[in-house]
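K.L.:
File my_file_14.txt below, compact mmCIF, C-alpha atoms and all ligand atoms:
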```txt
# COMPACT_ATOMS: atom_id res chain seq x y z
CA MET A 23 -41.61 2.61 53.70
CA THR A 24 -39.16 4.38 51.38
CA THR A 25 -36.76 2.39 49.21
CA SER A 26 -33.63 1.44 51.14
CA PHE A 27 -30.26 2.04 49.50
CA THR A 28 -28.29 0.59 52.41
CA HIS A 29 -28.36 -3.10 51.49
CA ASP A 30 -26.32 -2.89 48.30
CA SER A 31 -22.77 -4.25 48.23
CA ARG A 32 -19.84 -4.56 45.86
CA HIS A 33 -20.82 -8.19 45.27
CA LEU A 34 -24.44 -7.31 44.33
CA ALA A 35 -23.29 -4.45 42.10
CA GLU A 36 -20.80 -6.68 40.25
CA SER A 37 -23.44 -9.36 39.90
CA TYR A 38 -25.85 -6.75 38.40
CA GLU A 39 -23.22 -5.59 35.91
CA ARG A 40 -22.72 -9.21 34.74
CA GLY A 41 -26.33 -10.40 34.86
CA SER A 42 -28.59 -7.49 33.90
CA ASP A 43 -29.20 -8.47 30.25
CA LEU A 44 -32.97 -8.31 30.79
CA GLN A 45 -32.80 -4.65 31.84
CA PHE A 46 -30.16 -3.82 29.22
CA GLU A 47 -32.23 -5.21 26.34
CA GLY A 48 -35.38 -3.50 27.69
CA GLY A 49 -33.44 -0.24 28.01
CA LYS A 50 -32.25 -0.43 24.40
CA ARG A 51 -35.84 -0.97 23.21
CA LEU A 52 -36.89 2.09 25.22
CA VAL A 53 -34.11 4.30 23.86
CA GLU A 54 -34.93 3.21 20.31
CA ARG A 55 -38.40 4.73 20.77
CA LEU A 56 -36.91 8.05 21.84
CA GLY A 57 -35.40 8.88 18.44
CA LEU A 58 -32.00 9.95 19.78
CA GLU A 59 -30.36 12.52 17.55
CA GLU A 60 -26.63 12.99 17.16
CA GLY A 61 -25.50 15.71 19.51
CA ALA A 62 -28.36 15.12 21.96
CA ARG A 63 -27.90 15.81 25.67
CA VAL A 64 -29.23 12.81 27.63
CA LEU A 65 -29.79 12.13 31.32
CA ASP A 66 -30.10 8.46 32.39
CA VAL A 67 -31.82 8.46 35.79
CA GLY A 68 -31.22 5.35 37.94
CA CYS A 69 -28.43 4.22 35.62
CA GLY A 70 -27.23 1.36 37.87
CA THR A 71 -23.81 0.20 36.68
CA GLY A 72 -24.23 2.25 33.49
CA ARG A 73 -24.47 -0.40 30.75
CA LEU A 74 -27.34 1.42 29.01
CA THR A 75 -25.77 4.85 29.64
CA ARG A 76 -22.58 3.81 27.87
CA TRP A 77 -24.60 2.32 24.98
CA ILE A 78 -26.43 5.66 24.65
CA GLY A 79 -23.09 7.51 24.77
CA GLU A 80 -21.84 5.50 21.79
CA ARG A 81 -24.81 6.72 19.71
CA LEU A 82 -24.55 10.45 20.31
CA GLY A 83 -21.49 11.44 18.30
CA PRO A 84 -18.82 13.87 19.50
CA ARG A 85 -21.24 16.77 20.11
CA GLY A 86 -23.61 14.72 22.29
CA SER A 87 -23.34 13.97 25.98
CA VAL A 88 -24.88 11.58 28.47
CA VAL A 89 -24.92 11.70 32.26
CA GLY A 90 -25.98 8.74 34.41
CA ILE A 91 -27.08 9.17 38.01
CA ASP A 92 -27.85 6.55 40.64
CA PRO A 93 -28.14 6.59 44.44
CA LEU A 94 -25.95 3.48 44.83
CA GLU A 95 -22.27 4.36 45.17
CA GLU A 96 -21.03 0.85 44.36
CA ARG A 97 -22.91 0.91 41.04
CA ILE A 98 -21.57 4.35 40.15
CA ARG A 99 -18.06 3.14 40.99
CA ILE A 100 -18.42 0.30 38.45
CA ALA A 101 -19.98 2.64 35.88
CA ARG A 102 -17.05 5.06 36.16
CA ALA A 103 -14.49 2.26 35.82
CA HIS A 104 -15.60 1.70 32.20
CA GLY A 105 -14.04 4.85 30.78
CA ASP A 106 -15.32 8.29 29.96
CA ALA A 107 -17.90 7.79 27.19
CA ALA A 108 -20.43 8.91 29.80
CA ARG A 109 -20.33 10.94 33.01
CA PHE A 110 -21.65 9.32 36.20
CA GLU A 111 -22.79 10.92 39.46
CA VAL A 112 -24.39 9.68 42.67
CA GLY A 113 -27.90 11.14 42.80
CA GLN A 114 -31.63 10.55 42.98
CA ALA A 115 -34.53 11.24 40.64
CA GLU A 116 -36.27 13.39 43.25
CA ALA A 117 -33.32 15.81 43.55
CA LEU A 118 -31.82 16.83 40.20
CA GLY A 119 -30.53 20.14 41.58
CA ALA A 120 -27.08 19.47 40.08
CA PHE A 121 -28.63 20.10 36.63
CA ASP A 122 -29.87 23.38 35.14
CA ASP A 123 -33.40 23.96 33.90
CA ALA A 124 -33.95 22.80 30.30
CA SER A 125 -30.47 21.26 30.08
CA PHE A 126 -31.45 17.89 28.50
CA ASP A 127 -33.10 16.84 25.24
CA VAL A 128 -33.92 13.35 26.54
CA VAL A 129 -34.35 11.81 29.99
CA CYS A 130 -34.31 8.04 30.21
CA VAL A 131 -35.62 6.20 33.31
CA SER A 132 -35.22 2.53 32.50
CA SER A 133 -36.50 -0.05 34.98
CA VAL A 134 -36.39 2.43 37.86
CA LEU A 135 -39.70 4.24 38.60
CA HIS A 136 -41.14 1.37 40.69
CA TRP A 137 -38.30 2.04 43.15
CA VAL A 138 -38.72 5.81 43.30
CA SER A 139 -40.31 6.79 46.59
CA ASP A 140 -41.67 10.21 45.53
CA LYS A 141 -42.70 9.82 41.90
CA ALA A 142 -44.47 13.21 41.70
CA LYS A 143 -41.32 15.00 42.83
CA ALA A 144 -39.18 12.96 40.44
CA LEU A 145 -41.44 13.77 37.49
CA ALA A 146 -41.45 17.48 38.40
CA GLU A 147 -37.65 17.46 38.49
CA ILE A 148 -37.45 15.58 35.19
CA ARG A 149 -39.79 18.11 33.59
CA ARG A 150 -37.67 20.97 34.91
CA VAL A 151 -34.41 19.63 33.42
CA LEU A 152 -36.01 18.79 30.04
CA ARG A 153 -36.02 21.48 27.38
CA PRO A 154 -39.41 22.34 25.85
CA GLY A 155 -40.04 19.61 23.27
CA GLY A 156 -37.67 17.26 25.12
CA ARG A 157 -38.69 13.65 25.76
CA LEU A 158 -38.93 11.39 28.78
CA GLY A 159 -38.85 7.62 28.21
CA ALA A 160 -39.50 5.23 31.07
CA THR A 161 -40.10 1.56 31.76
CA THR A 162 -41.49 0.26 35.02
CA ILE A 163 -43.60 -2.49 36.59
CA PRO A 164 -47.41 -2.36 36.64
CA PRO A 165 -48.28 -3.80 40.09
CA GLU A 166 -51.83 -4.61 38.99
CA LEU A 167 -50.35 -7.24 36.65
CA SER A 168 -47.92 -8.75 39.12
CA ALA A 169 -50.24 -11.69 39.78
CA ALA A 170 -49.77 -12.68 36.12
CA GLY A 171 -46.00 -12.98 36.48
CA THR A 172 -43.84 -15.98 37.43
CA VAL A 173 -42.42 -14.40 40.60
CA SER A 174 -45.92 -14.02 42.09
CA LEU A 175 -46.78 -17.54 41.09
CA VAL A 176 -43.91 -18.84 43.21
CA LEU A 177 -43.80 -16.22 45.96
CA ARG A 178 -47.45 -15.60 46.90
CA PRO A 179 -48.43 -19.16 47.90
CA LEU A 180 -45.22 -19.43 49.96
CA LEU A 181 -45.92 -16.20 51.82
CA ARG A 182 -49.42 -17.33 52.76
CA ARG A 183 -48.01 -20.34 54.67
CA PRO A 184 -46.07 -20.67 57.95
CA PRO A 185 -43.50 -19.53 58.91
CA TYR A 186 -44.04 -16.47 56.67
CA ALA A 187 -47.79 -15.80 57.02
CA GLY A 188 -48.34 -12.62 59.05
CA ARG A 189 -44.64 -11.72 58.94
CA VAL A 190 -44.40 -10.23 55.46
CA ASP A 191 -43.97 -6.56 54.53
CA LEU A 192 -44.05 -6.21 50.76
CA SER A 193 -43.29 -2.49 50.99
CA ALA A 194 -39.57 -3.38 51.25
CA LEU A 195 -39.92 -3.83 47.47
CA GLY A 196 -40.46 -0.66 45.51
CA SER A 197 -43.20 -2.44 43.58
CA GLY A 198 -44.89 -3.18 46.93
CA ARG A 199 -46.10 0.43 46.90
CA ARG A 200 -48.99 0.20 44.51
CA CYS A 201 -48.78 2.77 41.74
CA THR A 202 -50.96 1.25 39.05
CA THR A 203 -50.68 2.14 35.38
CA THR A 204 -53.69 4.46 35.79
CA ASP A 205 -52.04 6.16 38.80
CA LEU A 206 -48.84 6.57 36.83
CA VAL A 207 -50.65 8.17 33.88
CA SER A 208 -52.32 10.61 36.32
CA LEU A 209 -48.93 11.48 37.82
CA VAL A 210 -47.42 12.11 34.38
CA LEU A 211 -50.31 14.38 33.40
CA GLU A 212 -50.30 16.19 36.77
CA SER A 213 -46.61 16.92 36.24
CA ARG A 214 -47.58 18.72 33.01
CA LEU A 215 -45.86 16.28 30.70
CA GLU A 216 -47.78 15.18 27.62
CA LEU A 217 -48.14 11.42 27.27
CA VAL A 218 -47.15 10.36 23.74
CA GLU A 219 -47.33 6.58 23.95
CA LEU A 220 -47.78 3.82 26.51
CA HIS A 221 -47.38 0.09 26.03
CA ILE A 222 -47.86 -2.92 28.26
CA THR A 223 -45.15 -5.43 27.42
CA GLN A 224 -44.29 -8.97 28.47
CA HIS A 225 -40.71 -9.99 29.13
CA ALA A 226 -38.98 -13.27 29.93
CA SER A 227 -35.59 -14.01 31.41
CA HIS A 228 -33.84 -17.38 31.35
CA HIS A 229 -31.76 -18.66 34.27
CA GLU A 230 -29.71 -21.80 34.76
CA SER A 231 -31.29 -22.63 38.11
CA GLY A 232 -33.38 -21.27 40.96
CA GLU A 233 -30.15 -20.19 42.64
CA ALA A 234 -29.08 -18.22 39.57
CA PHE A 235 -32.48 -16.49 39.44
CA LEU A 236 -32.29 -15.55 43.12
CA ASP A 237 -28.79 -14.08 42.58
CA PHE A 238 -30.19 -12.01 39.70
CA ALA A 239 -33.25 -10.87 41.71
CA GLU A 240 -31.17 -9.86 44.73
CA ALA A 241 -28.76 -7.87 42.55
CA SER A 242 -31.68 -6.20 40.70
CA SER A 243 -33.35 -5.24 43.98
CA PHE A 244 -30.00 -4.06 45.46
CA GLY A 245 -30.46 -6.41 48.40
CA ASN A 246 -34.12 -5.61 49.17
CA LEU A 247 -35.87 -8.74 47.87
CA LEU A 248 -35.53 -10.89 50.99
CA ARG A 249 -36.18 -7.90 53.28
CA ILE A 250 -39.91 -8.51 52.87
CA VAL A 251 -39.47 -10.89 55.84
CA PRO A 252 -37.64 -10.33 59.16
CA ASP A 253 -33.95 -11.32 59.53
CA ASP A 254 -34.65 -14.72 61.07
CA LEU A 255 -36.69 -15.86 58.03
CA ARG A 256 -34.44 -14.66 55.21
CA ALA A 257 -32.29 -17.77 54.78
CA SER A 258 -35.33 -20.00 54.78
CA LEU A 259 -37.20 -17.76 52.31
CA ARG A 260 -34.22 -17.81 49.98
CA ALA A 261 -34.01 -21.62 50.16
CA ASP A 262 -37.78 -22.00 49.58
CA LEU A 263 -37.66 -19.65 46.60
CA VAL A 264 -34.69 -21.50 45.10
CA SER A 265 -36.66 -24.77 45.34
CA GLY A 266 -39.81 -23.10 43.98
CA PHE A 267 -37.98 -21.76 40.89
CA ASP A 268 -36.01 -24.99 40.43
CA ALA A 269 -39.34 -26.80 40.22
CA LEU A 270 -40.14 -24.72 37.10
CA LYS A 271 -36.95 -25.77 35.32
CA GLY A 272 -37.47 -27.03 31.78
CA PRO A 273 -35.36 -27.45 28.64
CA ASP A 274 -34.83 -23.65 28.50
CA GLY A 275 -33.79 -23.46 32.15
CA VAL A 276 -35.89 -21.46 34.61
CA VAL A 277 -37.99 -19.07 32.54
CA VAL A 278 -39.31 -16.10 34.50
CA ARG A 279 -42.02 -14.03 32.83
CA GLY A 280 -43.29 -10.65 33.93
CA TRP A 281 -45.10 -7.56 32.70
CA GLY A 282 -43.78 -4.07 32.15
CA ILE A 283 -44.97 -0.60 31.13
CA LEU A 284 -43.09 1.49 28.60
CA PHE A 285 -44.10 5.11 28.10
CA VAL A 286 -42.84 8.20 26.33
CA ALA A 287 -43.88 11.70 27.36
CA THR A 288 -42.83 15.11 26.15
CA ARG A 289 -42.40 18.52 27.73
CA THR A 290 -44.63 20.88 25.82
C1 LIG B 1 -33.25 -2.46 38.23
S1 LIG B 1 -32.03 -1.21 38.39
C2 LIG B 1 -32.03 -0.48 36.76
C3 LIG B 1 -30.68 0.10 36.44
C4 LIG B 1 -30.52 0.60 34.99
N1 LIG B 1 -31.43 1.67 34.67
C5 LIG B 1 -30.67 -0.54 34.02
O1 LIG B 1 -31.60 -0.48 33.21
O2 LIG B 1 -29.88 -1.49 34.10
C6 LIG B 1 -32.90 0.01 39.35
C7 LIG B 1 -32.01 1.19 39.69
O3 LIG B 1 -32.85 2.26 40.16
C8 LIG B 1 -32.10 2.98 41.09
N2 LIG B 1 -33.00 3.81 41.91
C9 LIG B 1 -33.81 3.43 42.90
N3 LIG B 1 -34.45 4.48 43.43
C10 LIG B 1 -34.02 5.57 42.74
C11 LIG B 1 -34.29 6.96 42.82
N4 LIG B 1 -35.13 7.46 43.72
N5 LIG B 1 -33.68 7.79 41.96
C12 LIG B 1 -32.81 7.30 41.03
N6 LIG B 1 -32.51 5.99 40.92
C13 LIG B 1 -33.10 5.14 41.76
C14 LIG B 1 -31.40 1.88 41.89
O4 LIG B 1 -30.33 2.39 42.62
C15 LIG B 1 -31.00 0.90 40.79
O5 LIG B 1 -29.69 1.09 40.34
```
Take the structure I supplied and represent it as structure tokens, if you would.
Ligand SMILES: C[S@@+](CC[C@H](N)C(=O)[O-])C[C@H]1O[C@@H](n2cnc3c(N)ncnc32)[C@H](O)[C@@H]1O

P.N.:
Amino acid sequence: MTTSFTHDSRHLAESYERGSDLQFEGGKRLVERLGLEEGARVLDVGCGTGRLTRWIGERLGPRGSVVGIDPLEERIRIARAHGDAARFEVGQAEALGAFDDASFDVVCVSSVLHWVSDKAKALAEIRRVLRPGGRLGATTIPPELSAAGTVSLVLRPLLRRPPYAGRVDLSALGSGRRCTTTDLVSLVLESRLELVELHITQHASHHESGEAFLDFAEASSFGNLLRIVPDDLRASLRADLVSGFDALKGPDGVVVRGWGILFVATRT
């Protein structure tokens, strides 16, 4: 199954803009490793509502420029409403035809690659638009470590029981398509980018309640999270997940831990 972009809504996009601190902080850590220079030309692929793109724009000085692209029109609409420090366009990683060869110094793909259906094509396009010596920075999810994260801890046992058992299709989630860290490294090398660094990182997000976490997860997955089960089971899965996360609530609220990959590659 390819990632569906049809389940997003204005409500989910606004909720992402308000609640995406986890991705924003992770994005800033990624950009800090890319050594942005004043005047750099940057492309932010899968920019969502553009929080990170705008932050990049503020660091480039008057000669620099940043463009954010995302397939979700509602998210681009919000990104554009924040002024003109950055340019925003609807678009996908696999089709960067709007941009000339070698037209960027840096391409940033923060918290996106696990959703990209054709990663080889996306990496080939990214390489094409990078100038020789330009850098790609990306963060994504290593599916081989998903079992060590809080979401799996709550979700997997639920899905093994009735009424969900036998009625689950994890491929509705980008991360359901298994592209392990090793697979990803192979794809980067096959696309003729040189891998400069790769880190496995742990992250944690804090939520007031199970409900608040589910709102965050649905906004982050642009409405795909509950699509792992058929229509008739969605309300019950949401309610079961809310209870499951509420059961983890402690003095710091509901703490959700997970693992990520951060890598930097360069076009030689
Ligand atoms: C978790 S959000 C991350 C947004 C932003 N980069 C951030 O850090 O806040 C994932 C984003 O990836 C975008 N996305 C999914 N598939 C994509 C693709 N093939 N090409 C570009 N963006 C894609 C989604 O539309 C969504 O906005």

K.L.:
Could you pull the residues within 9 Å of A:Lys50, counting only C-alpha atoms, minus those fewer than 3 positions along the same chain, as a list in words?

P.N.:
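Here the qualifying residues turn out to be Gln45, Phe46, Glu47, Val53, Glu54, Arg55, Leu74, Trp77 and Ile78 of chain A.
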
K.L.:
Calculated over only C-alpha atoms, which of the candidates A:Gly245, A:Ser133, A:Ser231, A:Ile100 has the smallest distance to A:Thr162?

P.N.:
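Result for the nearest residue to A:Thr162: A:Ser133.
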
K.L.:
Write out as JSON, numbers by chain each polymer residue (protein, DNA or RNA) that has an atom no more than 9 Å from ligand LIG 1 (chain B), with only C-alpha atoms and all ligand atoms counted.

P.N.:
{"A": [25, 26, 27, 30, 35, 38, 39, 42, 43, 44, 45, 46, 47, 48, 49, 50, 66, 67, 68, 69, 70, 71, 72, 73, 74, 75, 90, 91, 92, 93, 94, 95, 97, 98, 112, 113, 114, 115, 116, 117, 130, 131, 132, 133, 134, 135, 136, 137, 138, 139, 140, 141, 144, 161, 196, 241, 242, 243, 244]}

K.L.:
Tell me which residues come within 7 Å of (-18.1, 6.6, 27.1), as a VMD selection string, counting all atoms listed in the file in the file's coordinates.

P.N.:
chain A and resid 76 79 to 80 105 to 108

K.L.:
Please list as a PyMOL selection string every residue within 9 Å of stretch 247-263 of chain A, counting all atoms listed in the file and excluding residues in the same chain fewer than 4 positions away.

P.N.:
chain A and resi 176-177+180-181+185-186+189-195+232-233+236+239-243+267-268

K.L.:
Taking all atoms of stretch 146-164 of chain A that the file lists and extending 8 Å past them on each side, where is the centre of the axis-aligned box and how long are its edges? Answer in Å to one decimal, as JSON.

P.N.:
```
{"center_x": -40.9, "center_y": 9.9, "center_z": 30.9, "size_x": 29.0, "size_y": 40.8, "size_z": 31.2}
```

K.L.:
Taking only C-alpha atoms into account, which of A:Thr202, A:Gly155, A:Arg63, A:Gly41 comes nearest A:His229?

P.N.:
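Smallest separation from A:His229 among the options: A:Gly41.
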
K.L.:
Could you check how far atom CA of A:Phe126 sits from atom CA of A:Leu145, in Å to one decimal?

P.N.:
14.1 Å

K.L.:
Could you tell me which of A:His221, A:His29, A:Arg149, A:Arg178 comes closest to A:Leu284 if we count all atoms listed in the file?

P.N.:
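That would be A:His221, the residue with the smallest distance to A:Leu284.
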
K.L.:
Point out the residue among A:Val64, A:Leu58, A:Val88, A:Ala160 with the least atom-to-atom distance to A:Val218, counting only C-alpha atoms.

P.N.:
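Closest to A:Val218 of all the choices is A:Ala160.
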
K.L.:
Compile the contact shell of A:Ala146 as a list in words: residues with an atom at most 12 Å away, counting all atoms listed in the file, same-chain residues fewer than 2 positions apart removed.

P.N.:
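These residues fall inside the cut-off: Ala115, Glu116, Ala117, Leu118, Gly119, Asp123, Asp140, Lys141, Ala142, Lys143, Ala144, Ile148, Arg149, Arg150, Val151, Leu152, Leu158, Leu209, Val210, Leu211, Glu212, Ser213, Arg214, Leu215 and Arg289 of chain A.
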
K.L.:
Kindly export the residues of the current selection with C-alpha atoms, as a short mmCIF file (atom, residue, chain, number, x, y, z; two decimals), in the frame of the given file.

P.N.:
```
data_model
loop_
_atom_site.label_atom_id
_atom_site.label_comp_id
_atom_site.auth_asym_id
_atom_site.auth_seq_id
_atom_site.Cartn_x
_atom_site.Cartn_y
_atom_site.Cartn_z
CA ALA A 115 -34.53 11.24 40.64
CA GLU A 116 -36.27 13.39 43.25
CA ALA A 117 -33.32 15.81 43.55
CA LEU A 118 -31.82 16.83 40.20
CA GLY A 119 -30.53 20.14 41.58
CA ASP A 123 -33.40 23.96 33.90
CA ASP A 140 -41.67 10.21 45.53
CA LYS A 141 -42.70 9.82 41.90
CA ALA A 142 -44.47 13.21 41.70
CA LYS A 143 -41.32 15.00 42.83
CA ALA A 144 -39.18 12.96 40.44
CA ILE A 148 -37.45 15.58 35.19
CA ARG A 149 -39.79 18.11 33.59
CA ARG A 150 -37.67 20.97 34.91
CA VAL A 151 -34.41 19.63 33.42
CA LEU A 152 -36.01 18.79 30.04
CA LEU A 158 -38.93 11.39 28.78
CA LEU A 209 -48.93 11.48 37.82
CA VAL A 210 -47.42 12.11 34.38
CA LEU A 211 -50.31 14.38 33.40
CA GLU A 212 -50.30 16.19 36.77
CA SER A 213 -46.61 16.92 36.24
CA ARG A 214 -47.58 18.72 33.01
CA LEU A 215 -45.86 16.28 30.70
CA ARG A 289 -42.40 18.52 27.73
#
```

K.L.:
Between atom CA of A:Val128 and atom CA of A:Arg85, what is the distance in Å, rounded to a tenth?

P.N.:
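The value is 14.6 Å.
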
K.L.:
Between atom CA of A:Gly86 and atom CA of A:Glu59, what distance in Å does the model show, to one decimal?

P.N.:
8.5 Å

K.L.:
Could you pull the residues within 9 Å of stretch 279-282 of chain A, counting only C-alpha atoms, minus those fewer than 4 positions along the same chain, as a ChimeraX atom specification?

P.N.:
/A:133,161-165,167-168,170-173,221-228

K.L.:
Grab the residues selected above and save them as a PDB file, keeping the file's coordinate frame with C-alpha atoms.

P.N.:
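Result went into selection.pdb, see below:
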```pdb
ATOM      1  CA  SER A 133     -36.500  -0.050  34.980  1.00  0.00           C
ATOM      2  CA  THR A 161     -40.100   1.560  31.760  1.00  0.00           C
ATOM      3  CA  THR A 162     -41.490   0.260  35.020  1.00  0.00           C
ATOM      4  CA  ILE A 163     -43.600  -2.490  36.590  1.00  0.00           C
ATOM      5  CA  PRO A 164     -47.410  -2.360  36.640  1.00  0.00           C
ATOM      6  CA  PRO A 165     -48.280  -3.800  40.090  1.00  0.00           C
ATOM      7  CA  LEU A 167     -50.350  -7.240  36.650  1.00  0.00           C
ATOM      8  CA  SER A 168     -47.920  -8.750  39.120  1.00  0.00           C
ATOM      9  CA  ALA A 170     -49.770 -12.680  36.120  1.00  0.00           C
ATOM     10  CA  GLY A 171     -46.000 -12.980  36.480  1.00  0.00           C
ATOM     11  CA  THR A 172     -43.840 -15.980  37.430  1.00  0.00           C
ATOM     12  CA  VAL A 173     -42.420 -14.400  40.600  1.00  0.00           C
ATOM     13  CA  HIS A 221     -47.380   0.090  26.030  1.00  0.00           C
ATOM     14  CA  ILE A 222     -47.860  -2.920  28.260  1.00  0.00           C
ATOM     15  CA  THR A 223     -45.150  -5.430  27.420  1.00  0.00           C
ATOM     16  CA  GLN A 224     -44.290  -8.970  28.470  1.00  0.00           C
ATOM     17  CA  HIS A 225     -40.710  -9.990  29.130  1.00  0.00           C
ATOM     18  CA  ALA A 226     -38.980 -13.270  29.930  1.00  0.00           C
ATOM     19  CA  SER A 227     -35.590 -14.010  31.410  1.00  0.00           C
ATOM     20  CA  HIS A 228     -33.840 -17.380  31.350  1.00  0.00           C
TER      21      HIS A 228
END
```

K.L.:
Taking into account all atoms listed in the file, which residue in the set A:Leu175, A:Ala234, A:Val207, A:Leu270 is nearest to A:Ala287?

P.N.:
A:Val207

K.L.:
Give me, as a short mmCIF file (atom, residue, chain, number, x, y, z; two decimals) with C-alpha atoms, in the coordinates of the input, all polymer residues having an atom no more than 7 Å from A:Ala62, counting only C-alpha atoms and skipping those fewer than 5 positions away in the same chain.

P.N.:
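Saved as selection13.cif:
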```cif
data_model
loop_
_atom_site.label_atom_id
_atom_site.label_comp_id
_atom_site.auth_asym_id
_atom_site.auth_seq_id
_atom_site.Cartn_x
_atom_site.Cartn_y
_atom_site.Cartn_z
CA LEU A 82 -24.55 10.45 20.31
CA GLY A 86 -23.61 14.72 22.29
CA SER A 87 -23.34 13.97 25.98
CA ASP A 127 -33.10 16.84 25.24
#
```

K.L.:
Would you mind telling me which residue in A:Ala124, A:Glu60, A:Arg99, A:Gly266 lies nearest to A:Arg157 when using all atoms listed in the file?

P.N.:
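Using all atoms listed in the file, A:Arg157 sits closest to A:Ala124.
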
K.L.:
Can you take stretch 255-269 of chain A from the block and write N, CA and C atoms as a PDB file, in the first residue's frame?

P.N.:
```pdb
ATOM      1  N   LEU A 255     -14.059  -0.782  13.141  1.00  0.00           N
ATOM      2  CA  LEU A 255     -13.280  -1.000  14.379  1.00  0.00           C
ATOM      3  C   LEU A 255     -12.534   0.248  14.850  1.00  0.00           C
ATOM      4  N   ARG A 256     -12.638   1.328  14.074  1.00  0.00           N
ATOM      5  CA  ARG A 256     -11.786   2.499  14.382  1.00  0.00           C
ATOM      6  C   ARG A 256     -12.128   3.156  15.713  1.00  0.00           C
ATOM      7  N   ALA A 257     -13.419   3.345  15.978  1.00  0.00           N
ATOM      8  CA  ALA A 257     -13.805   4.029  17.221  1.00  0.00           C
ATOM      9  C   ALA A 257     -13.377   3.178  18.412  1.00  0.00           C
ATOM     10  N   SER A 258     -13.533   1.879  18.283  1.00  0.00           N
ATOM     11  CA  SER A 258     -13.172   1.028  19.421  1.00  0.00           C
ATOM     12  C   SER A 258     -11.645   0.974  19.592  1.00  0.00           C
ATOM     13  N   LEU A 259     -10.907   0.977  18.469  1.00  0.00           N
ATOM     14  CA  LEU A 259      -9.439   0.983  18.606  1.00  0.00           C
ATOM     15  C   LEU A 259      -8.982   2.277  19.270  1.00  0.00           C
ATOM     16  N   ARG A 260      -9.577   3.390  18.867  1.00  0.00           N
ATOM     17  CA  ARG A 260      -9.193   4.667  19.480  1.00  0.00           C
ATOM     18  C   ARG A 260      -9.454   4.624  20.992  1.00  0.00           C
ATOM     19  N   ALA A 261     -10.634   4.153  21.379  1.00  0.00           N
ATOM     20  CA  ALA A 261     -10.981   4.112  22.809  1.00  0.00           C
ATOM     21  C   ALA A 261     -10.033   3.170  23.570  1.00  0.00           C
ATOM     22  N   ASP A 262      -9.699   2.024  22.970  1.00  0.00           N
ATOM     23  CA  ASP A 262      -8.789   1.078  23.642  1.00  0.00           C
ATOM     24  C   ASP A 262      -7.385   1.672  23.778  1.00  0.00           C
ATOM     25  N   LEU A 263      -6.960   2.399  22.744  1.00  0.00           N
ATOM     26  CA  LEU A 263      -5.627   3.011  22.818  1.00  0.00           C
ATOM     27  C   LEU A 263      -5.599   4.118  23.872  1.00  0.00           C
ATOM     28  N   VAL A 264      -6.666   4.912  23.924  1.00  0.00           N
ATOM     29  CA  VAL A 264      -6.736   5.976  24.940  1.00  0.00           C
ATOM     30  C   VAL A 264      -6.602   5.332  26.324  1.00  0.00           C
ATOM     31  N   SER A 265      -7.337   4.264  26.581  1.00  0.00           N
ATOM     32  CA  SER A 265      -7.243   3.603  27.902  1.00  0.00           C
ATOM     33  C   SER A 265      -5.841   3.050  28.119  1.00  0.00           C
ATOM     34  N   GLY A 266      -5.287   2.433  27.076  1.00  0.00           N
ATOM     35  CA  GLY A 266      -3.944   1.837  27.203  1.00  0.00           C
ATOM     36  C   GLY A 266      -2.904   2.888  27.559  1.00  0.00           C
ATOM     37  N   PHE A 267      -2.953   4.066  26.913  1.00  0.00           N
ATOM     38  CA  PHE A 267      -1.972   5.114  27.220  1.00  0.00           C
ATOM     39  C   PHE A 267      -2.280   5.773  28.562  1.00  0.00           C
ATOM     40  N   ASP A 268      -3.574   5.927  28.873  1.00  0.00           N
ATOM     41  CA  ASP A 268      -3.931   6.487  30.192  1.00  0.00           C
ATOM     42  C   ASP A 268      -3.358   5.629  31.324  1.00  0.00           C
ATOM     43  N   ALA A 269      -3.324   4.323  31.089  1.00  0.00           N
ATOM     44  CA  ALA A 269      -2.818   3.407  32.128  1.00  0.00           C
ATOM     45  C   ALA A 269      -1.336   3.651  32.407  1.00  0.00           C
TER      46      ALA A 269
END
```
